Structure formats: structure tokens, C-alpha cells
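Q: Contents of target-v3.tsv (TSV, C-alpha atoms) are below:
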chain	number	residue	atom	x	y	z
J	11	MET	CA	46.55	-99.54	32.23
J	12	LYS	CA	46.64	-99.14	36.01
J	13	THR	CA	44.41	-96.71	37.78
J	14	SER	CA	43.95	-95.83	41.40
J	15	ARG	CA	40.57	-94.41	42.40
J	16	SER	CA	38.96	-92.95	45.44
J	17	ARG	CA	35.18	-92.83	45.46
J	18	CYS	CA	32.76	-90.18	46.69
J	19	SER	CA	29.18	-91.07	47.49
J	20	VAL	CA	28.39	-87.50	48.40
J	21	GLY	CA	26.87	-85.81	45.58
J	22	LEU	CA	28.30	-83.19	43.57
J	23	ASP	CA	27.97	-84.00	39.96
J	24	LEU	CA	31.10	-82.11	39.10
J	25	SER	CA	32.35	-84.71	36.74
J	26	ALA	CA	32.45	-82.59	33.63
J	27	PHE	CA	34.84	-79.93	34.77
J	28	VAL	CA	37.89	-81.67	33.48
J	29	ARG	CA	37.11	-84.92	31.77
J	30	SER	CA	38.93	-87.47	29.69
J	31	SER	CA	37.88	-91.02	29.05
J	32	LEU	CA	39.81	-93.83	30.70
J	33	ALA	CA	39.64	-95.70	27.42
J	34	ALA	CA	41.47	-92.93	25.62
J	35	GLN	CA	44.11	-92.79	28.32
J	36	GLY	CA	44.54	-96.55	28.19
J	37	ALA	CA	45.63	-96.35	24.58
J	38	PHE	CA	48.85	-94.75	25.80
J	39	GLY	CA	49.49	-97.25	28.58
J	40	LEU	CA	49.50	-94.56	31.25
J	41	ALA	CA	49.41	-95.25	34.96
J	42	LEU	CA	46.88	-92.77	36.27
J	43	THR	CA	46.35	-91.41	39.73
J	44	VAL	CA	42.80	-90.18	40.10
J	45	LEU	CA	42.37	-87.02	42.14
J	46	THR	CA	38.95	-86.75	43.74
J	47	ALA	CA	37.39	-83.72	45.35
J	48	CYS	CA	34.22	-84.60	47.21
J	49	GLY	CA	31.31	-82.39	48.04
J	50	SER	CA	28.37	-82.51	50.38
J	51	GLY	CA	25.30	-83.55	48.49
J	52	GLY	CA	24.38	-85.19	45.19
J	53	ASN	CA	25.86	-88.40	43.93
J	54	GLY	CA	29.31	-87.89	42.50
J	55	GLY	CA	32.65	-86.14	42.69
J	56	LEU	CA	35.52	-84.66	40.75
J	57	GLN	CA	37.92	-87.08	39.17
J	58	PHE	CA	41.03	-86.04	37.30
J	59	SER	CA	44.19	-87.55	36.03
J	60	GLN	CA	47.34	-86.64	37.90
J	61	PRO	CA	48.61	-83.29	36.57
J	62	LYS	CA	50.89	-83.68	33.58
J	63	SER	CA	53.64	-81.06	33.33
J	64	PHE	CA	54.85	-79.42	30.12
J	65	GLY	CA	57.70	-76.92	30.09
J	66	SER	CA	57.09	-73.34	29.02
J	67	GLY	CA	59.36	-70.32	29.25
J	68	PRO	CA	60.45	-68.68	32.50
J	69	ALA	CA	57.74	-67.36	34.83
J	70	PRO	CA	54.63	-68.01	32.70
J	71	LEU	CA	51.67	-65.80	33.66
J	72	ALA	CA	48.63	-65.85	31.39
J	73	ILE	CA	47.43	-68.94	29.52
J	74	ALA	CA	44.88	-69.28	26.72
J	75	THR	CA	43.71	-72.06	24.45
J	76	ALA	CA	42.68	-72.19	20.79
J	77	ASP	CA	43.43	-74.25	17.67
J	78	ILE	CA	46.44	-72.18	16.67
J	79	ASN	CA	47.71	-74.36	13.83
J	80	GLY	CA	44.34	-75.38	12.40
J	81	ASP	CA	44.69	-79.15	12.85
J	82	GLY	CA	41.51	-79.55	14.89
J	83	ASN	CA	43.32	-79.95	18.21
J	84	LEU	CA	43.35	-77.35	20.97
J	85	ASP	CA	46.75	-75.76	21.61
J	86	LEU	CA	48.05	-73.65	24.49
J	87	ALA	CA	49.73	-70.25	24.51
J	88	VAL	CA	51.38	-68.63	27.54
J	89	THR	CA	53.18	-65.38	28.26
J	90	ASN	CA	56.62	-65.75	29.86
J	91	SER	CA	57.29	-62.78	32.10
J	92	GLY	CA	60.81	-63.95	32.88
J	93	ASN	CA	62.31	-63.28	29.44
J	94	ASP	CA	59.77	-61.30	27.38
J	95	THR	CA	58.60	-64.22	25.28
J	96	ALA	CA	55.45	-66.18	24.59
J	97	SER	CA	55.29	-69.93	24.10
J	98	VAL	CA	52.98	-72.07	21.99
J	99	LEU	CA	52.42	-75.71	22.95
J	100	LEU	CA	50.76	-77.54	20.08
J	101	GLY	CA	48.18	-80.11	21.13
J	102	THR	CA	48.25	-83.66	19.81
J	103	GLY	CA	44.55	-84.29	20.42
J	104	ASP	CA	45.12	-86.88	23.15
J	105	GLY	CA	45.65	-84.49	26.03
J	106	THR	CA	49.40	-84.17	25.54
J	107	PHE	CA	51.33	-81.30	24.01
J	108	GLN	CA	54.47	-80.88	21.96
J	109	GLY	CA	57.45	-79.02	23.35
J	110	ALA	CA	57.07	-75.29	23.84
J	111	ARG	CA	57.95	-73.10	20.87
J	112	SER	CA	58.96	-69.73	22.28
J	113	PHE	CA	59.30	-66.44	20.43
J	114	ALA	CA	60.06	-62.87	21.37
J	115	VAL	CA	57.32	-60.42	22.24
J	116	GLY	CA	57.54	-56.95	23.73
J	117	PHE	CA	59.08	-55.98	27.04
J	118	ALA	CA	57.48	-57.16	30.32
J	119	VAL	CA	54.67	-59.20	28.80
J	120	THR	CA	51.76	-60.28	31.00
J	121	HIS	CA	48.32	-60.86	29.49
J	122	LEU	CA	47.40	-62.38	26.11
J	123	VAL	CA	44.34	-62.93	23.93
J	124	LEU	CA	43.89	-65.39	21.05
J	125	ALA	CA	41.41	-64.38	18.33
J	126	ASP	CA	41.04	-64.09	14.55
J	127	LEU	CA	41.64	-60.38	14.03
J	128	ASN	CA	41.70	-60.19	10.22
J	129	GLY	CA	39.07	-62.70	9.17
J	130	ASP	CA	41.40	-65.18	7.50
J	131	GLY	CA	40.38	-68.08	9.72
J	132	ARG	CA	43.72	-68.13	11.53
J	133	VAL	CA	44.32	-67.44	15.20
J	134	ASP	CA	46.14	-64.20	15.95
J	135	LEU	CA	47.81	-63.04	19.16
J	136	VAL	CA	47.44	-59.92	21.31
J	137	THR	CA	49.90	-59.35	24.17
J	138	VAL	CA	49.86	-56.67	26.88
J	139	HIS	CA	52.97	-54.95	28.26
J	140	PRO	CA	52.58	-52.93	31.50
J	141	THR	CA	56.09	-51.49	31.63
J	142	GLY	CA	56.09	-50.48	27.97
J	143	GLY	CA	52.59	-49.03	28.14
J	144	ASN	CA	51.51	-50.80	24.97
J	145	ALA	CA	49.80	-53.76	23.36
J	146	GLU	CA	51.20	-55.80	20.49
J	147	VAL	CA	49.38	-57.68	17.74
J	148	GLN	CA	50.94	-60.61	15.89
J	149	LEU	CA	48.97	-62.15	13.03
J	150	GLY	CA	48.96	-65.92	12.86
J	151	ASN	CA	50.40	-67.92	9.97
J	152	GLY	CA	48.06	-70.82	10.63
J	153	ASP	CA	50.87	-73.23	11.48
J	154	GLY	CA	51.47	-72.28	15.12
J	155	THR	CA	53.77	-69.38	14.32
J	156	PHE	CA	53.11	-65.66	14.19
J	157	GLN	CA	54.27	-62.69	12.12
J	158	ALA	CA	56.22	-59.70	13.38
J	159	ALA	CA	54.38	-57.56	15.91
J	160	ASP	CA	52.55	-54.30	15.36
J	161	ASN	CA	52.85	-52.03	18.38
J	162	TYR	CA	49.97	-49.94	19.77
J	163	PRO	CA	50.88	-47.31	22.39
J	164	LEU	CA	48.39	-46.89	25.20
J	165	GLY	CA	48.86	-45.39	28.66
J	166	ASP	CA	50.90	-46.53	31.62
J	167	ARG	CA	50.36	-49.93	33.23
J	168	PRO	CA	48.05	-51.73	30.82
J	169	SER	CA	46.80	-54.88	32.51
J	170	THR	CA	44.50	-56.95	30.29
J	171	ALA	CA	42.87	-56.97	26.86
J	172	ALA	CA	39.66	-58.20	25.24
J	173	VAL	CA	38.49	-58.56	21.64
J	174	ALA	CA	34.92	-57.75	20.57
J	175	ASP	CA	33.07	-55.87	17.82
J	176	VAL	CA	31.97	-52.88	19.86
J	177	ASN	CA	30.89	-50.64	16.94
J	178	LYS	CA	28.96	-53.37	15.10
J	179	ASP	CA	30.77	-53.07	11.78
J	180	GLY	CA	31.64	-56.76	11.62
J	181	LYS	CA	35.30	-56.14	12.43
J	182	PRO	CA	36.92	-57.17	15.72
J	183	ASP	CA	37.98	-54.31	17.96
J	184	LEU	CA	40.47	-54.27	20.82
J	185	LEU	CA	39.83	-53.11	24.38
J	186	VAL	CA	42.73	-52.66	26.81
J	187	VAL	CA	42.65	-51.48	30.42
J	188	ALA	CA	45.40	-48.90	31.08
J	189	ASP	CA	46.09	-45.44	32.43
J	190	SER	CA	45.26	-42.43	30.29
J	191	ALA	CA	47.26	-39.21	30.32
J	192	THR	CA	44.38	-37.45	28.57
J	193	LEU	CA	41.82	-38.50	31.17
J	194	GLN	CA	44.33	-38.30	34.04
J	195	GLY	CA	43.42	-41.66	35.47
J	196	ARG	CA	42.59	-45.24	34.77
J	197	ALA	CA	40.66	-45.86	31.54
J	198	ILE	CA	39.41	-48.46	29.12
J	199	HIS	CA	41.07	-47.96	25.75
J	200	VAL	CA	39.08	-48.77	22.63
J	201	LEU	CA	41.02	-49.47	19.43
J	202	LEU	CA	38.61	-49.91	16.53
J	203	GLY	CA	39.58	-52.61	14.08
J	204	ASN	CA	40.15	-52.04	10.39
J	205	GLY	CA	39.31	-55.65	9.55
J	206	ASP	CA	42.81	-56.50	8.35
J	207	GLY	CA	44.38	-57.08	11.75
J	208	THR	CA	45.36	-53.46	12.26
J	209	PHE	CA	43.69	-51.02	14.62
J	210	GLN	CA	43.01	-47.31	14.86
J	211	SER	CA	44.49	-45.10	17.53
J	212	THR	CA	43.15	-45.54	21.02
J	213	ARG	CA	39.96	-43.84	22.15
J	214	PRO	CA	40.00	-44.11	25.96
J	215	PHE	CA	36.97	-43.60	28.15
J	216	ALA	CA	37.04	-43.06	31.89
J	217	SER	CA	36.10	-45.95	34.11
J	218	GLY	CA	36.88	-44.52	37.52
J	219	ALA	CA	38.89	-46.14	40.30
J	220	TYR	CA	41.27	-48.90	39.14
J	221	PRO	CA	39.77	-51.46	36.74
J	222	PHE	CA	41.90	-54.47	35.95
J	223	GLN	CA	39.94	-56.57	33.44
J	224	VAL	CA	36.84	-56.15	31.28
J	225	ALA	CA	34.16	-58.43	29.90
J	226	VAL	CA	32.01	-57.53	26.89
J	227	ALA	CA	28.37	-58.56	26.41
J	228	ASP	CA	24.96	-57.03	25.68
J	229	PHE	CA	23.81	-56.60	29.27
J	230	ASN	CA	20.69	-54.49	28.67
J	231	GLY	CA	19.35	-56.25	25.57
J	232	ASP	CA	19.49	-53.28	23.19
J	233	GLY	CA	21.72	-55.03	20.68
J	234	ASN	CA	24.81	-52.98	21.53
J	235	PRO	CA	27.89	-54.48	23.19
J	236	ASP	CA	28.41	-53.22	26.74
J	237	VAL	CA	31.49	-53.37	28.97
J	238	ALA	CA	31.78	-54.59	32.56
J	239	SER	CA	34.98	-54.01	34.50
J	240	ALA	CA	36.32	-55.48	37.71
J	241	VAL	CA	37.70	-52.65	39.86
J	242	ILE	CA	40.47	-53.40	42.33
J	243	GLY	CA	39.93	-52.21	45.89
J	244	PHE	CA	42.33	-52.65	48.76
J	245	THR	CA	40.03	-51.81	51.67
J	246	ALA	CA	36.40	-52.82	51.97
J	247	PRO	CA	34.06	-51.95	50.39
J	248	THR	CA	36.05	-50.29	47.64
J	249	SER	CA	35.95	-53.14	45.10
J	250	ASP	CA	33.13	-53.04	42.61
J	251	PHE	CA	31.76	-53.95	39.21
J	252	ARG	CA	31.26	-51.12	36.75
J	253	VAL	CA	28.95	-51.56	33.80
J	254	HIS	CA	29.17	-49.18	30.84
J	255	PHE	CA	26.31	-49.41	28.34
J	256	GLY	CA	27.48	-49.22	24.73
J	257	ASN	CA	26.13	-46.77	22.18
J	258	GLY	CA	26.81	-49.13	19.30
J	259	ASP	CA	29.46	-46.92	17.75
J	260	GLY	CA	32.43	-47.85	19.93
J	261	THR	CA	31.63	-45.28	22.63
J	262	PHE	CA	30.23	-46.01	26.07
J	263	GLN	CA	28.14	-44.35	28.75
J	264	ASP	CA	29.11	-43.51	32.32
J	265	PRO	CA	29.25	-46.55	34.60
J	266	ARG	CA	26.63	-48.10	36.81
J	267	ILE	CA	28.36	-49.31	39.97
J	268	TYR	CA	27.79	-52.47	42.03
J	269	LEU	CA	29.71	-53.77	45.03
J	270	ALA	CA	31.97	-56.79	44.68
J	271	GLY	CA	34.29	-58.69	46.97
J	272	LEU	CA	37.50	-57.06	48.12
J	273	GLY	CA	40.18	-56.88	45.42
J	274	ALA	CA	38.10	-57.83	42.38
J	275	TRP	CA	40.57	-58.44	39.57
J	276	TYR	CA	39.03	-60.69	36.94
J	277	VAL	CA	35.50	-60.80	35.57
J	278	ALA	CA	33.53	-63.13	33.30
J	279	ALA	CA	30.16	-62.52	31.64
J	280	VAL	CA	27.95	-65.59	31.34
J	281	ASP	CA	24.31	-66.62	31.75
J	282	LEU	CA	24.17	-68.37	35.14
J	283	ASN	CA	20.41	-68.81	35.52
J	284	GLY	CA	19.27	-69.77	32.03
J	285	ASP	CA	17.31	-66.61	31.24
J	286	ASN	CA	19.49	-65.76	28.22
J	287	LYS	CA	20.83	-62.62	29.89
J	288	PRO	CA	24.55	-62.32	30.74
J	289	ASP	CA	25.38	-62.30	34.44
J	290	LEU	CA	28.75	-61.52	36.02
J	291	VAL	CA	31.29	-63.51	38.03
J	292	THR	CA	34.46	-62.04	39.54
J	293	SER	CA	37.43	-63.45	41.37
J	294	ASN	CA	38.39	-61.24	44.31
J	295	TYR	CA	42.09	-61.46	45.08
J	296	TRP	CA	42.37	-59.64	48.41
J	297	GLY	CA	38.99	-60.82	49.61
J	298	GLN	CA	39.84	-64.46	48.81
J	299	SER	CA	36.36	-64.84	47.36
J	300	ALA	CA	34.19	-64.90	44.25
J	301	SER	CA	31.23	-62.64	43.55
J	302	VAL	CA	28.12	-63.17	41.42
J	303	LEU	CA	25.82	-60.45	40.10
J	304	ILE	CA	22.57	-61.50	38.45
J	305	ASN	CA	21.28	-59.49	35.50
J	306	LYS	CA	17.72	-58.28	36.09
J	307	GLY	CA	17.20	-58.14	32.34
J	308	ASP	CA	17.70	-54.44	31.81
J	309	GLY	CA	21.44	-54.27	32.46
J	310	THR	CA	21.04	-53.64	36.17
J	311	PHE	CA	22.23	-56.31	38.56
J	312	ARG	CA	21.22	-58.00	41.79
J	313	GLU	CA	24.15	-58.34	44.17
J	314	GLN	CA	24.82	-61.49	46.18
J	315	PRO	CA	27.15	-62.05	49.16
J	316	PRO	CA	30.67	-63.08	48.10
J	317	ILE	CA	31.52	-66.78	48.13
J	318	ALA	CA	34.49	-67.48	50.37
J	319	LEU	CA	37.38	-69.31	48.68
J	320	GLY	CA	40.03	-69.12	51.39
J	321	ASN	CA	42.66	-68.49	48.73
J	322	LEU	CA	44.21	-65.53	46.91
J	323	SER	CA	42.36	-65.93	43.62
J	324	PHE	CA	43.40	-64.94	40.13
J	325	ASN	CA	41.50	-65.44	36.88
J	326	VAL	CA	38.08	-67.03	36.47
J	327	VAL	CA	36.77	-69.18	33.62
J	328	THR	CA	33.26	-70.54	33.17
J	329	GLY	CA	31.61	-73.47	31.46
J	330	ASP	CA	29.36	-76.46	32.02
J	331	PHE	CA	32.06	-78.45	33.74
J	332	ASN	CA	29.91	-81.31	35.03
J	333	GLY	CA	27.63	-81.79	32.05
J	334	ASP	CA	24.38	-80.99	33.85
J	335	GLY	CA	23.44	-78.12	31.54
J	336	ARG	CA	24.30	-75.49	34.16
J	337	VAL	CA	27.17	-73.02	34.06
J	338	ASP	CA	29.96	-73.48	36.60
J	339	ALA	CA	33.09	-71.45	37.43
J	340	ALA	CA	36.75	-72.29	37.98
J	341	ILE	CA	39.26	-69.96	39.64
J	342	ALA	CA	43.04	-70.20	39.85
J	343	ASN	CA	44.50	-69.87	43.36
J	344	ARG	CA	48.03	-68.60	42.93
J	345	PHE	CA	49.54	-69.31	46.34
J	346	SER	CA	47.52	-72.28	47.54
J	347	GLN	CA	48.45	-74.69	44.76
J	348	SER	CA	44.89	-75.33	43.67
J	349	VAL	CA	42.02	-74.49	41.38
J	350	SER	CA	38.65	-73.78	43.01
J	351	MET	CA	35.61	-75.15	41.21
J	352	LEU	CA	32.18	-73.74	41.97
J	353	LEU	CA	29.24	-75.69	40.58
J	354	GLY	CA	26.26	-73.77	39.31
J	355	ASN	CA	22.79	-74.51	40.61
J	356	GLY	CA	21.14	-73.13	37.49
J	357	ASP	CA	19.41	-70.35	39.38
J	358	GLY	CA	22.29	-67.86	39.42
J	359	THR	CA	23.92	-69.21	42.57
J	360	LEU	CA	27.16	-71.15	42.85
J	361	ARG	CA	27.94	-73.85	45.38
J	362	ALA	CA	30.78	-73.70	47.86
J	363	PRO	CA	34.16	-74.32	46.20
J	364	ARG	CA	35.79	-77.70	45.77
J	365	ASN	CA	39.55	-77.34	45.40
J	366	LEU	CA	41.57	-79.37	42.94
J	367	ALA	CA	45.10	-79.74	44.27
J	368	LEU	CA	48.08	-79.02	42.03
J	369	GLY	CA	51.79	-79.48	42.51
J	370	THR	CA	52.66	-75.87	41.82
J	371	ASP	CA	51.26	-72.34	42.06
J	372	PRO	CA	48.84	-71.61	39.21
J	373	SER	CA	48.69	-68.05	37.93
J	374	PHE	CA	45.96	-68.64	35.35
J	375	VAL	CA	43.59	-71.42	34.43
J	376	ALA	CA	42.19	-72.30	31.00
J	377	ALA	CA	39.56	-74.90	30.13
J	378	GLY	CA	39.01	-76.92	26.97
J	379	ASP	CA	38.59	-80.41	25.57
J	380	PHE	CA	42.27	-81.24	25.10
J	381	ASP	CA	41.81	-84.96	24.40
J	382	LYS	CA	38.70	-84.63	22.18
J	383	ASP	CA	36.48	-86.91	24.25
J	384	GLY	CA	33.70	-84.36	24.55
J	385	ASN	CA	34.61	-83.39	28.10
J	386	VAL	CA	36.25	-80.29	29.55
J	387	ASP	CA	39.84	-80.49	30.81
J	388	VAL	CA	41.94	-77.95	32.69
J	389	ALA	CA	45.33	-76.34	32.08
J	390	THR	CA	47.19	-73.95	34.38
J	391	SER	CA	50.24	-71.73	33.95
J	392	ASN	CA	52.62	-72.00	36.90
J	393	VAL	CA	54.84	-68.98	37.37
J	394	SER	CA	57.18	-70.40	40.00
J	395	THR	CA	58.04	-73.65	38.20
J	396	ASN	CA	58.22	-72.54	34.54
J	397	ASN	CA	55.62	-74.95	33.27
J	398	VAL	CA	51.99	-75.59	32.50
J	399	GLU	CA	49.99	-78.43	34.01
J	400	VAL	CA	47.19	-80.28	32.28
J	401	LEU	CA	44.56	-82.28	34.15
J	402	LEU	CA	42.34	-84.56	32.12
J	403	ASN	CA	38.78	-85.19	33.21
J	404	LEU	CA	38.12	-88.84	34.03
J	405	ARG	CA	34.36	-88.56	34.01
Any chance you could give the structure as C-alpha cells?
A:
Amino acid sequence: MKTSRSRCSVGLDLSAFVRSSLAAQGAFGLALTVLTACGSGGNGGLQFSQPKSFGSGPAPLAIATADINGDGNLDLAVTNSGNDTASVLLGTGDGTFQGARSFAVGFAVTHLVLADLNGDGRVDLVTVHPTGGNAEVQLGNGDGTFQAADNYPLGDRPSTAAVADVNKDGKPDLLVVADSATLQGRAIHVLLGNGDGTFQSTRPFASGAYPFQVAVADFNGDGNPDVASAVIGFTAPTSDFRVHFGNGDGTFQDPRIYLAGLGAWYVAAVDLNGDNKPDLVTSNYWGQSASVLINKGDGTFREQPPIALGNLSFNVVTGDFNGDGRVDAAIANRFSQSVSMLLGNGDGTLRAPRNLALGTDPSFVAAGDFDKDGNVDVATSNVSTNNVEVLLNLR
């Protein structure tokens, strides 16, 4: 196998963001181009295989990963906004994927979530439909296919969904951000699960302003799931985080508000400083930045200055991408053909971004060990080129 490498002696041990072993790649006789993003400090750099393209449907937006057919390999699912379909790309376990298998979903699909909604050990699918004002649930058959959809009406312009057990009955519930005619504004809709993959009618609660995505975690340590939302703002300083403490019964308290970077769209809850308390990370579209809020331990947060990205950023994913035991973040940059990676210092701060160049415009990024070498790889959905790209970590 031929490889071309460029070396970094500046240190940034970012090697675990997207890894795959050269030995595993050599088994397929691939000629690899190694992409290196160097930092300023430490003793290493990012090294990836050249992006490998796999066709999807037209205009793919969201991407998620899970073992959809139960064979032990991670698969990919994307929503295709160009023709109201979703596509499943079954993983082979070596970092490659079978051809896309597309199927109809509801009108104007955008976001998706993969989760086991009925406790049968199979991955199910939730899709969100802004124009239709609804979410759809399709139960998985365990072979990479899904059953006919159940439709759940919401309010206008639903944007994203999350799955969590918010009333602590052991059954997964569904949260969707959408308008509410009852509350006359933007709301977070709670649909309590019945445990069989069906859900009760929506119970919206007001969130104020214009939230786009939510993250669920126990922020104040009382054992109840809480909700944090990223609220879009178009002029500074109107973007913020809003944290709603849960009552443990599927209802939530009024929000506590913290400033974020301009145009906060996506949020992730994760422990950034090793104190076993969930912190928050957002990607800020209009502000071209990322924000970090550190949990003080009681569900209140310490704000930090936004981290400049220099790109219009979309979703954020987190994980220990360089294998140093610290949590890092990765953010898709839709119009700059890159993914920004921000290494964690382990104290709740993130380093300046290192950008991984792509050939196309990524809408979303997902992370997982696609070639089963114990390292984290990256996949992006690319709306302008009707494909997904997979970059294997060469650490």
C-alpha cells in the first residue's frame, strides 16, 4: 500500500479524532493521501485518510450513526431534503459502506434521530418535518429497513428532535423543538413514550425566543433530566443558552438564561472538565464561533468568551478524539468545506480550532469507529454534492 505523509512536530495530540490503522487500510490495497492539520504546541497532529465519498439521496442534511442492522458494524443514516427520503448506508466494518438504500419519509424532511424506542434491541428512526409541522417515527426491523411511519402533529416549523426518558418511567420519550399555537410562540414539545414505540400527544412548554436544538442531561444533580436549548439570535447579544430544570414527571421549570455566541443553533451536553457534571458546548452559526459553559455543579453555569471559528458552523459532536482522556469537540462548517476540531484541555476549555479540509460543503458531522480499530472516524453529509464523506483516522 502506498501512503503519502506530511509530519507535524508541533504538538497537538489530536490523533484520535478520526483514526484508522494503516494496517487495516493496507488489507484493501488502498493508496492513501494523509491529510494533516498541525497545531501550535504538543507533539503531534491530525492525520486522516483522504475523504471517501458514498452517494446518498439528493441534498442530504442531517447524518447519524448507529448499528442499524445489528451486525456489529456502525451504519449511517441521512435525511435527503431534495426528495423527501432518508437513506441508510450499511457499514462493512472496514470503513466502507454499501450503496445507499433510500426510502420515503414525510414531506420536507430535515433532522433525524436513531434510537431504540420500543425496547426490542433494534434501532428505530425519528424524522422531523418543518413544512408539515410534524415528526414521524419508523420502527426498525433490525435488518436496515424500517416499518411504515407513525405521524405526530406538532406546531409549525419543527427543527430538531431528541430522545430521553424525561419522566423516569423507563420508557424513551421524544422532545421536538417547534412552534406552539397554544403557547403562541416557540416551544419544546414533550411526547411521553408508551414503551412500544408510540407516543402520547404533545405537551409543549414555553422556552422563549427561538430555540433550535435541545440537549438533555441532569444539570443540577437532583436525579431528574433537565433540558438545555440553543436559542438563535441574529443581532448580538441575543443568542443564549436556556436551561430548564426537570421535575421528573415530564414537565420543566422556567428557564435560566446564559449568553452564547451569535446565532447559537446546536448544543451538546458533555463533561468537559472531569468533574462528572455535564457542561455545554454550542456552535454559533452567525457568530462563526463555538461557546462553552461550565457547570458549577448546581445547574448554573460559568460563561466563557466564544471561540472564533471563522466559519458558518452547523452541528457539534463531542468525544475523546485524540485518546488523551479529555473531551474534544468537532463542528461542521457548511460553506467553508471543512470540519473544525477543538481539542479539550481537560479543564473545561477548548483549544483554538484545527480545520480538516473536505472536498464539499458539510451540513452535519457524525463521529464513530467505522473501521473497528478502536479509534474515532468522521462522516459528513454534503448537501450540495448529494453524498456523504468518510475520513478514517490514521493515528
Q: Given only C-alpha atoms, how would the per-residue table for region 228-336 of chain J near region 350-355 of chain J read, listing every residue at most 10 Å away with its closest atom pair and distance in Å to one decimal, sorted by chain and number, as a tab-separated table?
A:
residue	atom	partner	partner_atom	distance
J:Leu282	CA	J:Gly354	CA	7.1
J:Asn283	CA	J:Asn355	CA	8.0
J:Ala300	CA	J:Leu352	CA	9.3
J:Ile317	CA	J:Leu352	CA	9.3
J:Leu319	CA	J:Ser350	CA	7.3
J:Gly320	CA	J:Ser350	CA	9.7
J:Asn321	CA	J:Ser350	CA	8.8
J:Ser323	CA	J:Ser350	CA	8.7
J:Val326	CA	J:Ser350	CA	9.4
J:Val327	CA	J:Met351	CA	9.7
J:Thr328	CA	J:Leu352	CA	9.4
J:Gly329	CA	J:Gly354	CA	9.5
J:Asp330	CA	J:Gly354	CA	8.4
J:Phe331	CA	J:Leu353	CA	7.9
J:Asn332	CA	J:Leu353	CA	7.9
J:Asp334	CA	J:Gly354	CA	9.2
J:Gly335	CA	J:Gly354	CA	9.3
J:Arg336	CA	J:Gly354	CA	5.8
Q: Here is a test: counting all atoms listed in the file, which residue of J:Asp160, J:Val388, J:Asn396, J:Asn325 is nearest to Pro61 (chain J)?
A: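 Result for the nearest residue to Pro61 (chain J): J:Val388.
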Q: Can you work out which one of J:Asp387, J:Asp232, J:Asp357, J:Asp338 has the shortest atom-to-atom distance to Asp285 (chain J), counting all atoms listed in the file?
A: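 Looking at the shortest contact to Asp285 (chain J), the residue is J:Asp357.
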Q: Residues within 10 Å of Ala114 (chain J), please, as a list in words. Count all atoms listed in the file; anything in the same chain fewer than 6 positions from it doesn't count.
A: Asn90, Asn93, Asp94, Thr95, Ala96, Ser97, Ala158 and Ala159 of chain J
Q: From the options J:Ser239, J:Asn177, J:Ser59, J:Thr359, which residue's atoms come nearest to Ala279 (chain J), counting all atoms listed in the file?
A: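 Between J:Ser239, J:Asn177, J:Ser59, J:Thr359, the residue approaching Ala279 (chain J) most closely is J:Ser239.
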Q: Identify which of the residues J:Leu360, J:Ala376, J:Leu185, J:Ala278 lies closest to Glu399 (chain J), counting only C-alpha atoms when measuring atom-to-atom distances.
A: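 Smallest separation from Glu399 (chain J) among the options: J:Ala376.
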Q: Can you work out which one of J:Gly203, J:Gly103, J:Gly378, J:Pro315 has the shortest atom-to-atom distance to Val176 (chain J), counting all atoms listed in the file?
A: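 Under the stated criterion, the closest residue is J:Gly203.
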Q: Between CA of Asn79 (chain J) and CA of Lys178 (chain J), what is the distance, to one decimal in Å?
A: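 It comes out at 28.2 Å.
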Q: What does the structure give for the distance between CA of Asn230 (chain J) and CA of Thr310 (chain J), in Å to one decimal?
A: 7.6 Å
Q: With distances taken over only C-alpha atoms, which of J:His121, J:Arg132, J:His254, J:Arg196 is nearest to Ile242 (chain J)?
A: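 Using only C-alpha atoms, Ile242 (chain J) sits closest to J:Arg196.
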Q: Report, in Å with one decimal, the straight-line distance from CA of Ala69 (chain J) to CA of Ala118 (chain J).
A: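 Computing the Euclidean distance for CA of Ala69 (chain J) and CA of Ala118 (chain J) yields 11.2 Å.
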Q: List every protein, DNA or RNA residue that has at least one atom no more than 12 Å from (19.7, -56.0, 23.2) in the file's coordinates, counting all atoms listed in the file, and write the result as a PyMOL selection string.
A: chain J and resi 227-236+255-258+286-288+307-309
Q: I'd like the neighbourhood of Gln347 (chain J) as a short mmCIF file (atom, residue, chain, number, x, y, z; two decimals) with C-alpha atoms, in the coordinates of the input, where a residue qualifies if any of its atoms comes within 6 Å (using only C-alpha atoms), though same-chain residues fewer than 5 positions away should be ignored.
A:
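Saved result, around_9.cif, follows:
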data_model
loop_
_atom_site.label_atom_id
_atom_site.label_comp_id
_atom_site.auth_asym_id
_atom_site.auth_seq_id
_atom_site.Cartn_x
_atom_site.Cartn_y
_atom_site.Cartn_z
CA LEU J 368 48.08 -79.02 42.03
CA THR J 370 52.66 -75.87 41.82
CA ASP J 371 51.26 -72.34 42.06
#
Q: Considering only C-alpha atoms, return as a list in words whatever protein or nucleic-acid residues lie within 9 Å of Asn128 (chain J), sequence-local ones (same chain, fewer than 3 positions apart) excluded.
A: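 After dropping sequence-adjacent residues, the list is Gly131, Arg132, Asp134, Leu149, Lys181, Pro182, Gly203, Asn204, Gly205, Asp206, Gly207 and Thr208 of chain J.
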Q: So which residues touch Gln108 (chain J) within 7 Å, counting only C-alpha atoms, skipping near sequence neighbours fewer than 4 positions away, as a count of residues only?
A: 3
Q: Rebuild N, CA, C and O atoms on region 258-265 of chain J, as a short mmCIF file (atom, residue, chain, number, x, y, z; two decimals), in the frame of the given file?
A:
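Full text of selection.cif as output:
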data_model
loop_
_atom_site.label_atom_id
_atom_site.label_comp_id
_atom_site.auth_asym_id
_atom_site.auth_seq_id
_atom_site.Cartn_x
_atom_site.Cartn_y
_atom_site.Cartn_z
N GLY J 258 26.83 -48.45 20.58
CA GLY J 258 26.81 -49.13 19.30
C GLY J 258 27.77 -48.58 18.28
O GLY J 258 27.87 -49.10 17.17
N ASP J 259 28.51 -47.54 18.67
CA ASP J 259 29.46 -46.92 17.75
C ASP J 259 30.89 -46.96 18.29
O ASP J 259 31.77 -46.27 17.77
N GLY J 260 31.11 -47.76 19.31
CA GLY J 260 32.43 -47.85 19.93
C GLY J 260 32.62 -46.90 21.09
O GLY J 260 33.71 -46.85 21.67
N THR J 261 31.58 -46.14 21.44
CA THR J 261 31.63 -45.28 22.63
C THR J 261 30.71 -45.87 23.70
O THR J 261 29.82 -46.68 23.41
N PHE J 262 30.94 -45.41 24.94
CA PHE J 262 30.23 -46.01 26.07
C PHE J 262 29.77 -44.94 27.05
O PHE J 262 30.36 -43.86 27.16
N GLN J 263 28.71 -45.26 27.78
CA GLN J 263 28.14 -44.35 28.75
C GLN J 263 28.86 -44.43 30.09
O GLN J 263 29.70 -45.32 30.31
N ASP J 264 28.54 -43.50 30.98
CA ASP J 264 29.11 -43.51 32.32
C ASP J 264 28.69 -44.79 33.04
O ASP J 264 27.62 -45.36 32.77
N PRO J 265 29.50 -45.24 34.00
CA PRO J 265 29.25 -46.55 34.60
C PRO J 265 28.11 -46.57 35.60
O PRO J 265 27.82 -45.59 36.28
#
